[in-house]
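Shown next: entry.cif, containing mmCIF, C-alpha atoms.
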data_upload
#
loop_
_atom_site.label_atom_id
_atom_site.label_comp_id
_atom_site.auth_asym_id
_atom_site.auth_seq_id
_atom_site.Cartn_x
_atom_site.Cartn_y
_atom_site.Cartn_z
CA MET A 1 -31.36 25.66 -15.38
CA LEU A 2 -28.23 25.66 -17.48
CA GLU A 3 -26.91 28.45 -15.26
CA LEU A 4 -26.27 25.98 -12.47
CA THR A 5 -22.55 25.58 -11.96
CA SER A 6 -20.77 22.38 -12.90
CA GLU A 7 -19.47 22.01 -9.36
CA ASN A 8 -22.94 22.27 -7.83
CA GLN A 9 -24.46 19.80 -10.29
CA ASN A 10 -21.67 17.28 -9.71
CA ARG A 11 -22.11 17.64 -5.95
CA ARG A 12 -25.86 17.12 -6.30
CA ALA A 13 -25.31 14.01 -8.45
CA ALA A 14 -22.81 12.62 -5.98
CA SER A 15 -25.15 13.29 -3.06
CA ARG A 16 -27.58 10.69 -4.40
CA ILE A 17 -25.26 8.16 -2.78
CA PRO A 18 -24.85 8.98 0.97
CA ARG A 19 -21.30 9.35 2.19
CA ARG A 20 -20.00 6.04 3.41
CA GLU A 21 -18.92 7.54 6.74
CA VAL A 22 -22.50 8.72 7.37
CA VAL A 23 -23.94 5.26 6.75
CA ASN A 24 -21.23 3.69 8.95
CA ALA A 25 -21.92 6.11 11.80
CA ASP A 26 -25.64 5.37 11.63
CA TRP A 27 -25.12 1.62 11.83
CA LEU A 28 -22.48 1.92 14.54
CA ILE A 29 -24.90 3.86 16.76
CA LYS A 30 -27.63 1.23 16.23
CA LEU A 31 -25.23 -1.64 16.96
CA ARG A 32 -24.00 0.08 20.14
CA TRP A 33 -27.59 0.30 21.41
CA VAL A 34 -28.02 -3.40 20.61
CA ALA A 35 -24.77 -4.14 22.46
CA VAL A 36 -25.85 -2.18 25.55
CA THR A 37 -29.21 -3.95 25.59
CA GLY A 38 -27.60 -7.36 25.07
CA GLN A 39 -25.00 -6.80 27.78
CA PHE A 40 -27.66 -5.64 30.23
CA LEU A 41 -29.85 -8.71 29.56
CA THR A 42 -26.82 -11.04 29.82
CA ILE A 43 -25.79 -9.58 33.18
CA LEU A 44 -29.38 -9.82 34.40
CA ALA A 45 -29.66 -13.47 33.29
CA VAL A 46 -26.32 -14.46 34.82
CA ASN A 47 -27.17 -12.86 38.15
CA SER A 48 -30.89 -13.79 38.38
CA ILE A 49 -31.19 -17.10 36.53
CA LEU A 50 -27.75 -18.70 36.89
CA ASN A 51 -27.21 -17.20 40.36
CA ILE A 52 -23.59 -16.39 39.61
CA ARG A 53 -22.24 -13.66 41.86
CA ILE A 54 -20.78 -10.82 39.86
CA GLU A 55 -19.96 -7.19 40.61
CA LEU A 56 -23.21 -5.56 39.56
CA ILE A 57 -22.24 -2.02 40.56
CA SER A 58 -19.04 -2.08 38.50
CA LEU A 59 -20.76 -3.67 35.52
CA GLY A 60 -23.68 -1.21 35.73
CA THR A 61 -21.26 1.72 35.78
CA ILE A 62 -19.48 0.45 32.67
CA LEU A 63 -22.76 -0.05 30.82
CA SER A 64 -23.90 3.44 31.84
CA VAL A 65 -20.74 4.97 30.39
CA THR A 66 -21.34 3.18 27.08
CA ALA A 67 -25.02 4.20 26.97
CA VAL A 68 -24.34 7.85 27.82
CA SER A 69 -21.55 8.06 25.26
CA ASN A 70 -23.82 6.59 22.58
CA PHE A 71 -26.52 9.12 23.48
CA PHE A 72 -24.12 11.99 22.76
CA VAL A 73 -22.80 10.29 19.62
CA GLU A 74 -26.36 10.00 18.30
CA ILE A 75 -26.98 13.68 18.98
CA TRP A 76 -23.80 14.54 17.06
CA TYR A 77 -24.92 12.31 14.21
CA ARG A 78 -28.47 13.68 13.93
CA LYS A 79 -27.73 17.35 14.56
CA PHE A 80 -24.43 17.73 12.74
CA LEU A 81 -23.08 14.82 10.69
CA LYS A 82 -26.24 14.16 8.64
CA HIS A 83 -26.47 17.80 7.58
CA HIS A 84 -22.80 18.80 7.26
CA ALA A 85 -21.05 15.60 6.16
CA ASP A 86 -20.01 17.11 2.81
CA GLU A 87 -18.18 19.89 4.65
CA MET A 88 -16.16 17.49 6.82
CA GLN A 89 -12.96 15.67 6.00
CA SER A 90 -12.93 11.88 6.25
CA SER A 91 -10.11 12.15 8.81
CA GLU A 92 -12.35 14.22 11.11
CA ILE A 93 -15.17 11.68 10.99
CA ASN A 94 -12.70 8.81 11.46
CA LEU A 95 -11.26 10.54 14.52
CA ILE A 96 -14.64 10.67 16.27
CA LEU A 97 -15.69 7.16 15.28
CA GLY A 98 -12.22 5.84 16.15
CA LEU A 99 -12.42 7.31 19.67
CA VAL A 100 -15.89 5.81 20.08
CA MET A 101 -14.69 2.36 19.06
CA THR A 102 -11.62 2.69 21.30
CA LEU A 103 -14.01 3.38 24.18
CA ASP A 104 -15.97 0.25 23.21
CA LEU A 105 -12.80 -1.87 23.36
CA LEU A 106 -11.93 -0.47 26.77
CA SER A 107 -15.51 -1.01 27.97
CA LEU A 108 -15.44 -4.62 26.78
CA THR A 109 -12.11 -5.12 28.51
CA ALA A 110 -13.50 -3.67 31.75
CA LEU A 111 -16.59 -5.91 31.57
CA LEU A 112 -14.43 -8.99 31.00
CA TYR A 113 -12.03 -7.94 33.77
CA CYS A 114 -14.91 -8.03 36.24
CA THR A 115 -16.25 -11.38 34.98
CA GLY A 116 -13.40 -13.83 34.61
CA GLY A 117 -11.16 -12.24 31.97
CA PRO A 118 -9.96 -14.72 29.30
CA THR A 119 -12.00 -17.52 30.92
CA ASN A 120 -15.23 -15.65 30.08
CA PRO A 121 -16.64 -17.04 26.78
CA PHE A 122 -17.70 -13.54 25.77
CA ASN A 123 -14.07 -12.54 25.15
CA PHE A 124 -14.74 -13.53 21.52
CA PHE A 125 -16.54 -10.19 21.19
CA PHE A 126 -13.11 -8.64 20.75
CA PHE A 127 -13.26 -10.04 17.21
CA VAL A 128 -16.72 -8.50 16.68
CA ASN A 129 -15.40 -5.07 17.66
CA LEU A 130 -12.38 -5.45 15.40
CA SER A 131 -14.53 -6.57 12.47
CA LEU A 132 -16.75 -3.51 12.90
CA SER A 133 -13.74 -1.20 13.12
CA ALA A 134 -12.33 -2.66 9.91
CA PHE A 135 -15.57 -1.78 8.11
CA VAL A 136 -16.15 1.61 9.73
CA LEU A 137 -12.66 3.11 10.07
CA ASN A 138 -9.67 3.64 7.81
CA ARG A 139 -6.66 1.33 7.76
CA SER A 140 -4.49 3.21 10.28
CA TRP A 141 -7.28 3.38 12.86
CA THR A 142 -8.14 -0.30 12.35
CA TRP A 143 -4.60 -1.53 12.89
CA SER A 144 -4.24 0.77 15.90
CA LEU A 145 -7.36 -0.74 17.46
CA ASN A 146 -6.03 -4.21 16.66
CA LEU A 147 -2.92 -3.40 18.68
CA VAL A 148 -5.07 -1.99 21.51
CA SER A 149 -7.20 -5.16 21.57
CA ILE A 150 -4.11 -7.38 21.79
CA MET A 151 -2.81 -5.27 24.67
CA CYS A 152 -6.21 -5.43 26.39
CA PHE A 153 -6.35 -9.21 26.06
CA GLY A 154 -2.82 -9.44 27.43
CA LEU A 155 -3.92 -7.26 30.35
CA LEU A 156 -6.79 -9.68 31.06
CA LEU A 157 -4.32 -12.56 31.08
CA TYR A 158 -2.20 -10.64 33.55
CA SER A 159 -5.02 -9.68 35.91
CA HIS A 160 -8.77 -10.17 36.23
CA VAL A 161 -11.47 -10.91 38.79
CA GLN A 162 -11.86 -14.67 38.96
CA VAL A 163 -15.31 -16.24 38.77
CA PRO A 164 -15.26 -19.69 40.45
CA ILE A 165 -17.68 -21.31 38.02
CA LEU A 166 -15.42 -20.27 35.10
CA ASN A 167 -12.23 -21.59 36.69
CA ILE A 168 -10.51 -23.82 34.11
CA GLY A 169 -7.39 -24.69 36.08
CA GLU A 170 -4.18 -23.19 37.38
CA SER A 171 -2.83 -22.65 33.86
CA PHE A 172 -5.28 -19.76 33.44
CA GLN A 173 -4.77 -18.11 36.79
CA PRO A 174 -3.95 -14.42 36.44
CA ILE A 175 -0.25 -13.96 35.73
CA ARG A 176 -0.23 -11.41 38.55
CA LEU A 177 -0.97 -14.25 41.01
CA SER A 178 1.00 -17.12 39.45
CA GLY A 179 4.06 -15.03 38.67
CA PHE A 180 4.71 -16.62 35.27
CA VAL A 181 3.15 -17.01 31.82
CA SER A 182 1.86 -20.54 31.34
CA LEU A 183 2.06 -22.27 27.99
CA PRO A 184 -1.75 -22.13 27.42
CA GLN A 185 -1.75 -18.42 28.27
CA GLY A 186 1.12 -17.67 25.88
CA GLY A 187 -0.45 -19.78 23.14
CA THR A 188 -3.83 -18.12 23.64
CA LEU A 189 -2.30 -14.63 23.36
CA ILE A 190 -0.43 -15.59 20.17
CA ALA A 191 -3.58 -17.17 18.71
CA PHE A 192 -5.61 -14.10 19.62
CA ALA A 193 -3.09 -11.75 17.97
CA THR A 194 -2.92 -13.94 14.86
CA CYS A 195 -6.70 -14.26 14.46
CA SER A 196 -7.35 -10.57 15.07
CA SER A 197 -4.66 -9.55 12.56
CA VAL A 198 -5.98 -11.94 9.90
CA ILE A 199 -9.54 -10.62 10.40
CA VAL A 200 -8.39 -7.01 10.17
CA TYR A 201 -6.25 -7.64 7.10
CA PHE A 202 -8.89 -9.40 5.01
CA ILE A 203 -11.78 -7.13 6.01
CA ASN A 204 -9.59 -4.16 5.13
CA ARG A 205 -9.02 -5.70 1.71
CA LEU A 206 -12.76 -6.18 1.21
CA ASN A 207 -13.39 -2.68 2.53
CA ASN A 208 -11.02 -1.21 -0.04
CA GLU A 209 -12.85 -3.00 -2.83
CA VAL A 210 -16.15 -1.57 -1.59
CA GLY A 211 -14.52 1.86 -1.53
CA TYR A 212 -13.37 1.48 -5.13
CA GLN A 213 -16.89 0.50 -6.17
CA GLU A 214 -18.34 3.49 -4.34
CA LYS A 215 -15.86 5.82 -6.04
CA PHE A 216 -16.73 4.29 -9.40
CA LEU A 217 -20.46 4.87 -8.80
CA ARG A 218 -19.88 8.50 -7.84
CA GLU A 219 -17.75 9.08 -10.92
CA ALA A 220 -20.37 7.38 -13.10
CA GLU A 221 -23.11 9.63 -11.71
CA ALA A 222 -20.91 12.70 -12.24
CA ARG A 223 -20.30 11.64 -15.86
CA GLU A 224 -24.03 11.07 -16.32
CA ALA A 225 -24.75 14.56 -14.98
CA GLN A 226 -22.13 15.99 -17.35
CA THR A 227 -23.68 14.13 -20.28
CA ASP A 228 -27.12 15.47 -19.33
CA LYS A 229 -25.75 18.99 -19.36
CA LEU A 230 -24.20 18.47 -22.79
CA GLN A 231 -27.44 17.09 -24.15
CA ALA A 232 -29.39 20.01 -22.66
CA LEU A 233 -26.86 22.42 -24.12
CA GLY A 234 -27.12 20.77 -27.52
CA THR A 235 -30.91 20.92 -27.39
CA LEU A 236 -30.77 24.58 -26.40
CA ALA A 237 -28.28 25.40 -29.17
CA ALA A 238 -30.24 23.54 -31.83
CA GLY A 239 -33.53 25.06 -30.68
CA THR A 240 -32.07 28.54 -30.57
CA ALA A 241 -30.55 28.17 -34.01
CA HIS A 242 -33.85 26.91 -35.39
CA GLU A 243 -35.94 29.66 -33.81
CA LEU A 244 -33.56 32.46 -34.83
CA SER A 245 -32.71 31.23 -38.31
CA THR A 246 -35.87 32.62 -39.90
CA PRO A 247 -35.70 36.15 -38.44
CA LEU A 248 -31.94 36.32 -39.08
CA SER A 249 -32.47 35.27 -42.69
CA THR A 250 -35.19 37.90 -43.08
CA ILE A 251 -32.91 40.56 -41.61
CA SER A 252 -30.11 39.46 -43.93
CA ILE A 253 -32.36 39.83 -47.02
CA VAL A 254 -33.56 43.24 -45.92
CA ILE A 255 -30.03 44.46 -45.19
CA ASN A 256 -28.76 43.27 -48.57
CA GLU A 257 -31.63 45.04 -50.34
CA ALA A 258 -31.04 48.17 -48.30
CA GLU A 259 -27.34 48.09 -49.12
CA GLN A 260 -28.01 47.78 -52.83
CA LEU A 261 -30.53 50.64 -52.69
CA LEU A 262 -28.19 52.91 -50.75
CA GLN A 263 -25.39 52.30 -53.23
CA THR A 264 -27.57 53.89 -55.93
CA GLU A 265 -28.38 56.86 -53.76
CA SER A 266 -26.19 59.70 -52.63
CA VAL A 267 -25.66 58.86 -48.96
CA SER A 268 -22.84 59.46 -46.53
CA ASN A 269 -20.01 57.00 -46.08
CA GLU A 270 -20.89 56.70 -42.39
CA LEU A 271 -24.30 55.26 -43.27
CA LEU A 272 -22.75 52.73 -45.65
CA GLU A 273 -20.25 51.74 -42.95
CA ASP A 274 -23.10 51.25 -40.48
CA VAL A 275 -24.92 48.97 -42.91
CA ALA A 276 -21.73 46.99 -43.51
CA LEU A 277 -21.27 46.69 -39.73
CA ILE A 278 -24.83 45.39 -39.34
CA LYS A 279 -24.15 42.75 -42.02
CA LYS A 280 -20.92 41.75 -40.29
CA GLU A 281 -22.53 41.43 -36.85
CA LEU A 282 -25.48 39.55 -38.38
CA GLU A 283 -23.14 37.04 -39.94
CA ARG A 284 -21.34 36.73 -36.63
CA CYS A 285 -24.61 35.88 -34.87
CA ARG A 286 -25.38 33.18 -37.42
CA ASN A 287 -21.87 31.73 -37.08
CA ILE A 288 -22.13 31.65 -33.29
CA LEU A 289 -25.41 29.72 -33.40
CA SER A 290 -24.06 27.37 -36.03
CA LYS A 291 -20.86 26.73 -34.09
CA MET A 292 -22.69 26.13 -30.81
CA SER A 293 -24.96 23.46 -32.26
CA ALA A 294 -22.22 21.90 -34.39
CA ASP A 295 -19.61 21.77 -31.63
CA VAL A 296 -21.92 20.32 -29.01
CA GLY A 297 -23.26 17.74 -31.44
CA GLN A 298 -19.75 16.86 -32.55
CA THR A 299 -18.60 16.12 -29.01
CA THR A 300 -21.40 13.63 -28.44
CA GLY A 301 -21.60 11.65 -31.67
CA GLU A 302 -18.34 11.60 -33.64
CA SER A 303 -16.72 8.27 -34.58
CA LEU A 304 -13.12 7.40 -33.73
CA GLN A 305 -10.31 7.87 -36.24
CA SER A 306 -6.79 6.45 -36.10
CA VAL A 307 -4.09 9.12 -36.49
CA SER A 308 -0.48 9.68 -35.52
CA VAL A 309 0.43 12.26 -32.90
CA LYS A 310 2.02 14.42 -35.62
CA GLU A 311 -1.07 14.25 -37.85
CA PHE A 312 -3.25 15.13 -34.91
CA ALA A 313 -1.07 18.10 -33.94
CA GLU A 314 -1.11 19.39 -37.52
CA TYR A 315 -4.90 19.04 -37.64
CA VAL A 316 -5.24 21.04 -34.41
CA ILE A 317 -2.97 23.76 -35.82
CA THR A 318 -5.10 24.10 -38.96
CA GLU A 319 -8.10 24.88 -36.74
CA LEU A 320 -6.30 27.70 -34.90
CA PRO A 321 -6.82 31.38 -35.76
CA VAL A 322 -4.45 32.55 -38.52
CA ASN A 323 -3.02 35.32 -36.33
CA LEU A 324 -2.12 33.01 -33.46
CA LYS A 325 1.61 32.74 -32.79
CA TYR A 326 2.85 29.50 -31.31
CA ARG A 327 5.89 27.32 -30.72
CA MET A 328 5.45 23.55 -30.66
CA GLU A 329 7.78 20.90 -29.26
CA LEU A 330 7.31 17.33 -30.48
CA GLY A 331 9.95 14.60 -30.53
CA ASP A 332 10.42 12.44 -33.62
CA GLU A 333 9.62 9.17 -31.81
CA ASP A 334 6.52 10.57 -30.15
CA ALA A 335 5.32 12.04 -33.47
CA GLN A 336 4.96 8.56 -35.01
CA GLU A 337 2.87 7.08 -32.17
CA MET A 338 -0.66 6.12 -33.29
CA PHE A 339 -3.91 6.43 -31.35
CA SER A 340 -7.67 6.58 -31.96
CA ALA A 341 -9.84 9.59 -31.13
CA PRO A 342 -12.84 11.62 -32.33
CA LEU A 343 -10.60 13.91 -34.37
CA ARG A 344 -12.89 16.90 -34.89
CA ALA A 345 -14.20 17.07 -31.32
CA LEU A 346 -10.78 16.62 -29.73
CA ALA A 347 -9.16 19.15 -32.06
CA LEU A 348 -11.87 21.68 -31.20
CA ALA A 349 -11.35 21.03 -27.49
CA ILE A 350 -7.57 21.45 -27.53
CA GLY A 351 -7.73 24.26 -30.07
CA GLY A 352 -10.10 26.11 -27.76
CA ILE A 353 -7.64 25.80 -24.86
CA ILE A 354 -4.79 27.11 -27.08
CA THR A 355 -6.91 30.00 -28.33
CA ASN A 356 -7.80 30.94 -24.76
CA ALA A 357 -4.10 30.96 -23.90
CA PHE A 358 -3.41 33.25 -26.88
CA ASP A 359 -6.24 35.60 -25.92
CA ALA A 360 -4.97 35.76 -22.33
CA GLN A 361 -1.60 37.16 -23.38
CA PHE A 362 -2.54 38.99 -26.58
CA GLU A 363 -1.57 42.39 -25.18
CA SER A 364 1.57 41.22 -23.38
CA ASP A 365 5.13 41.63 -24.62
CA ASN A 366 5.28 37.93 -25.44
CA ASP A 367 2.16 37.05 -27.45
CA GLN A 368 3.37 33.56 -28.37
CA VAL A 369 1.82 30.38 -26.98
CA ASP A 370 4.18 27.52 -26.16
CA PHE A 371 2.90 23.96 -26.22
CA SER A 372 4.60 20.60 -26.13
CA LEU A 373 3.49 17.04 -26.81
CA LEU A 374 4.99 13.87 -25.46
CA VAL A 375 3.96 10.25 -25.03
CA ASN A 376 4.59 8.80 -21.60
CA PHE A 377 3.64 5.58 -19.84
CA GLU A 378 1.42 5.48 -16.77
CA ASN A 379 0.79 2.06 -15.24
CA ASN A 380 2.16 0.46 -18.44
CA ARG A 381 -0.38 2.35 -20.57
CA ARG A 382 0.42 5.02 -23.13
CA ALA A 383 -0.82 8.55 -22.59
CA LEU A 384 -0.51 11.66 -24.75
CA VAL A 385 0.38 14.68 -22.63
CA TRP A 386 -0.25 18.09 -24.17
CA VAL A 387 1.12 21.02 -22.12
CA ILE A 388 -0.01 24.54 -23.11
CA GLN A 389 1.68 27.56 -21.52
CA ASP A 390 0.96 31.26 -21.81
CA CYS A 391 2.56 34.36 -20.33
CA GLY A 392 -0.67 36.23 -19.67
CA THR A 393 -2.11 37.71 -16.52
CA GLY A 394 -2.97 34.31 -15.03
CA MET A 395 -6.07 33.44 -13.02
CA THR A 396 -7.01 34.14 -9.44
CA PRO A 397 -7.96 31.17 -7.22
CA ASP A 398 -11.65 32.13 -7.47
CA VAL A 399 -11.54 32.20 -11.28
CA LEU A 400 -9.59 28.92 -11.33
CA LYS A 401 -12.39 27.23 -9.34
CA ARG A 402 -15.05 28.36 -11.83
CA VAL A 403 -13.09 27.93 -15.07
CA ARG A 404 -14.98 24.72 -16.00
CA GLU A 405 -18.46 26.17 -15.47
CA PRO A 406 -20.64 26.58 -18.58
CA PHE A 407 -21.22 30.19 -19.64
CA PHE A 408 -18.55 31.50 -17.28
CA THR A 409 -16.03 33.79 -18.97
CA THR A 410 -13.65 36.59 -18.00
CA LYS A 411 -13.56 37.98 -21.53
CA GLU A 412 -15.24 41.20 -22.52
CA PRO A 413 -18.88 41.01 -23.66
CA GLY A 414 -19.11 39.83 -27.25
CA LYS A 415 -15.71 38.10 -27.21
CA GLY A 416 -16.65 34.77 -25.67
CA MET A 417 -19.60 32.62 -24.63
CA GLY A 418 -17.90 30.81 -21.74
CA LEU A 419 -18.33 27.39 -23.37
CA GLY A 420 -14.81 26.65 -24.62
CA VAL A 421 -13.30 25.21 -21.43
CA PHE A 422 -16.58 23.55 -20.46
CA LEU A 423 -16.85 21.68 -23.79
CA ALA A 424 -13.13 20.90 -23.80
CA HIS A 425 -13.28 19.44 -20.30
CA SER A 426 -16.42 17.44 -21.17
CA THR A 427 -14.82 16.00 -24.31
CA ILE A 428 -11.52 15.13 -22.60
CA ASP A 429 -13.28 13.61 -19.59
CA ARG A 430 -15.53 11.52 -21.85
CA LEU A 431 -12.40 10.07 -23.47
CA GLY A 432 -10.97 9.10 -20.08
CA GLY A 433 -8.50 11.97 -20.03
CA LYS A 434 -7.77 14.80 -17.62
CA LEU A 435 -7.56 18.57 -18.00
CA LYS A 436 -5.68 20.37 -15.24
CA TYR A 437 -4.92 24.06 -14.85
CA HIS A 438 -2.09 25.61 -12.88
CA SER A 439 -2.15 29.37 -12.69
CA GLU A 440 -0.90 32.25 -10.60
CA SER A 441 -2.21 35.75 -10.95
CA GLY A 442 0.30 37.79 -12.94
CA LYS A 443 2.45 34.77 -13.87
CA GLY A 444 0.51 33.07 -16.66
CA THR A 445 -1.30 29.77 -16.90
CA THR A 446 -0.35 26.18 -17.73
CA ALA A 447 -2.98 23.76 -19.01
CA THR A 448 -2.05 20.06 -18.97
CA ILE A 449 -4.14 17.66 -21.03
CA THR A 450 -3.58 13.92 -20.51
CA LEU A 451 -5.25 11.54 -22.96
CA PRO A 452 -5.10 7.71 -22.85
CA MET A 453 -3.85 6.31 -26.15
CA ASP A 454 -4.63 2.62 -25.64
CA ASP A 455 -8.09 1.15 -26.31
#
Can the structure in the file be given as structure tokens, please?
Amino acid sequence: MLELTSENQNRRAASRIPRREVVNADWLIKLRWVAVTGQFLTILAVNSILNIRIELISLGTILSVTAVSNFFVEIWYRKFLKHHADEMQSSEINLILGLVMTLDLLSLTALLYCTGGPTNPFNFFFFVNLSLSAFVLNRSWTWSLNLVSIMCFGLLLYSHVQVPILNIGESFQPIRLSGFVSLPQGGTLIAFATCSSVIVYFINRLNNEVGYQEKFLREAEAREAQTDKLQALGTLAAGTAHELSTPLSTISIVINEAEQLLQTESVSNELLEDVALIKKELERCRNILSKMSADVGQTTGESLQSVSVKEFAEYVITELPVNLKYRMELGDEDAQEMFSAPLRALALAIGGIITNAFDAQFESDNDQVDFSLLVNFENNRRALVWVIQDCGTGMTPDVLKRVREPFFTTKEPGKGMGLGVFLAHSTIDRLGGKLKYHSESGKGTTATITLPMDD
């Protein structure tokens, strides 16, 4: 199970919360069916019960267009959107839903045009449509529909089919007939534009807050999934170390006894070298198991320590391989800045990234790793930025996508377990930081680590 990629697990964790666009589309389809049913019953009641003469053919045609369009939208939703939402961009979904809601505005305008225009009490449904668009669509689409609704209402003021029972005086005669804009008509248009804009503005604000909460929930689930993987990895490492410790210890005792016995016998140097190699590889196996369990445990349970940037950099350097060549840039002012961090875990994480950079260019003409530290301010908060550059072969786009996966490595067998970047990313992410890679094949790699310094 640990072989599942980080990207797939994060996607699976995020999928526990349906995409907001999918939920919006579902509710929009249901509300459109309710609207069609309500409009049909209203027309039927007005014509049959109130005996008000209205253009039934025109109104029936408009309702049919809305119903047919909703039928096709529901097919699109059930056959495509529900199953492929993760593959679609938000802009693509917004385009389809935006066109649907534009059609609804035009349909409402056509219905009102045939039934008294602005004198029809149902013209308040413009605000219902705008409220729905503010919840369902993005900001640009919502404001565009607000402009369309104002234009549609102005069109109804200019021309509409008059219904005698709704006649409220000459001041609301169609502008096309009266030839001028009356004061009530002008005031009504201004009031309509003001109310619609206020509704759109404040619902957009609320919508943004909901979006932030949704993003927070997705990130929290992704962090929970990452923590589960770390705990599983720690359990695996500890269990493996426990299960293998006894046989490895037995092998070590036997090899030591065999070495001592062979030293008293007349044997070839090749045999002695083979025994020494077995001891070396045995010790390497024990160190790997010990480091796996220690490193994973360290990243999940270490307490915070207060250090300066310079002290932290020096601590990281002491953990680097002795043969690693490097050049560090650190300003005097930045060196004195203080921050709190789990020193051992963070040093292991950054040291692993530096070691990877050194390994990537070990056989190149320039086998020196360059890294720089600086303290900058983002949104009035301090952040330590650690930039690590190498001149190695770089990474292809496919490798760059998988670089954070556990147990993924491009090194030769026996030279890496594929856990360094995974553990480093997990540690940095847990501390609220970011690890970003920029690489081009044949041109080296730049790793940028950003760590918040304020509590």
- Query: When distances are computed from all atoms listed in the file, which of A:Leu261, A:Ile251, A:Leu157, A:Leu132 shows the smallest separation from Asn204 in chain A?
  - Reply: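 The answer is A:Leu132, which sits nearest to Asn204 in chain A.
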- Message: Assuming the chain letters and numbering stay as they are in my file, what does the PyMOL selection byres ((chain A and resi 196) around 10) actually select? List them as JSON, numbers by chain.
- Response: {"A": [126, 127, 128, 130, 131, 143, 146, 147, 149, 150, 190, 191, 192, 193, 194, 195, 197, 198, 199, 200, 201]}
Chain and number of each residue from the PyMOL selection byres ((chain A and resi 102) around 12), as a compact mmCIF listing (two decimals) with C-alpha atoms, keeping the file's coordinate frame:
# COMPACT_ATOMS: atom_id res chain seq x y z
CA THR A 66 -21.34 3.18 27.08
CA SER A 69 -21.55 8.06 25.26
CA ASN A 94 -12.70 8.81 11.46
CA LEU A 95 -11.26 10.54 14.52
CA ILE A 96 -14.64 10.67 16.27
CA LEU A 97 -15.69 7.16 15.28
CA GLY A 98 -12.22 5.84 16.15
CA LEU A 99 -12.42 7.31 19.67
CA VAL A 100 -15.89 5.81 20.08
CA MET A 101 -14.69 2.36 19.06
CA LEU A 103 -14.01 3.38 24.18
CA ASP A 104 -15.97 0.25 23.21
CA LEU A 105 -12.80 -1.87 23.36
CA LEU A 106 -11.93 -0.47 26.77
CA SER A 107 -15.51 -1.01 27.97
CA LEU A 108 -15.44 -4.62 26.78
CA THR A 109 -12.11 -5.12 28.51
CA PHE A 126 -13.11 -8.64 20.75
CA ASN A 129 -15.40 -5.07 17.66
CA LEU A 130 -12.38 -5.45 15.40
CA LEU A 132 -16.75 -3.51 12.90
CA SER A 133 -13.74 -1.20 13.12
CA LEU A 137 -12.66 3.11 10.07
CA TRP A 141 -7.28 3.38 12.86
CA THR A 142 -8.14 -0.30 12.35
CA TRP A 143 -4.60 -1.53 12.89
CA SER A 144 -4.24 0.77 15.90
CA LEU A 145 -7.36 -0.74 17.46
CA ASN A 146 -6.03 -4.21 16.66
CA LEU A 147 -2.92 -3.40 18.68
CA VAL A 148 -5.07 -1.99 21.51
CA SER A 149 -7.20 -5.16 21.57
CA CYS A 152 -6.21 -5.43 26.39
- Residues selected by the PyMOL selection byres ((chain A and resi 272) around 12), written as a PyMOL selection string: chain A and resi 255-256+258-271+273-279
- Query: Which protein, DNA or RNA residues are at most 6 Å from (4.3, 20.9, -23.2) in the file's coordinates when you count all atoms listed in the file, listed as a ChimeraX atom specification?
  - Reply: /A:371-373,386-388
- Query: Counting only C-alpha atoms, what is within 12 Å of range 448-455 of chain A, bar same-chain residues fewer than 5 positions away, as a PyMOL selection string?
  - Reply: chain A and resi 304+306-309+334+337-341+346+349-351+353-354+371-390+421+424-425+427-439
- May I ask for the distance between CA of Arg286 in chain A and CA of Val403 in chain A, given in Å to one decimal place?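 Result for CA of Arg286 in chain A versus CA of Val403 in chain A: 26.0 Å, one decimal.
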- Please return, as a PyMOL selection string, all polymer residues that have at least one atom within 12 Å of the point (-21.7, -16.3, 38.8); use all atoms listed in the file and the file's own coordinate frame. chain A and resi 42-56+114-116+120+161-167
- Pairwise distance for CA of Phe40 in chain A and CA of Glu21 in chain A, rounded to one decimal in Å: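 Computed distance, CA of Phe40 in chain A to CA of Glu21 in chain A, equals 28.3 Å.
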- Counting only C-alpha atoms, closest pick from A:Gly331, A:Pro174, A:Gly352, A:Gly394 relative to Thr410 in chain A is A:Gly394
- Message: Between CA of Thr396 in chain A and CA of Thr445 in chain A, what is the distance in Å, rounded to a tenth?
- Response: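 That distance, rounded to one decimal, is 10.4 Å.
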Given 8 Å of margin on each side, can you work out the centre and size in Å (one decimal) of an axis-aligned box holding every listed atom of range 146-164 of chain A, as lines of an AutoDock Vina configuration file?
center_x = -8.8
center_y = -10.8
center_z = 28.6
size_x = 29.1
size_y = 33.7
size_z = 39.8
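The smallest atom-to-atom distance between Leu348 in chain A and any of A:Leu183, A:Val369, A:Ile317, A:Cys285, using only C-alpha atoms, is found for A:Ile317.
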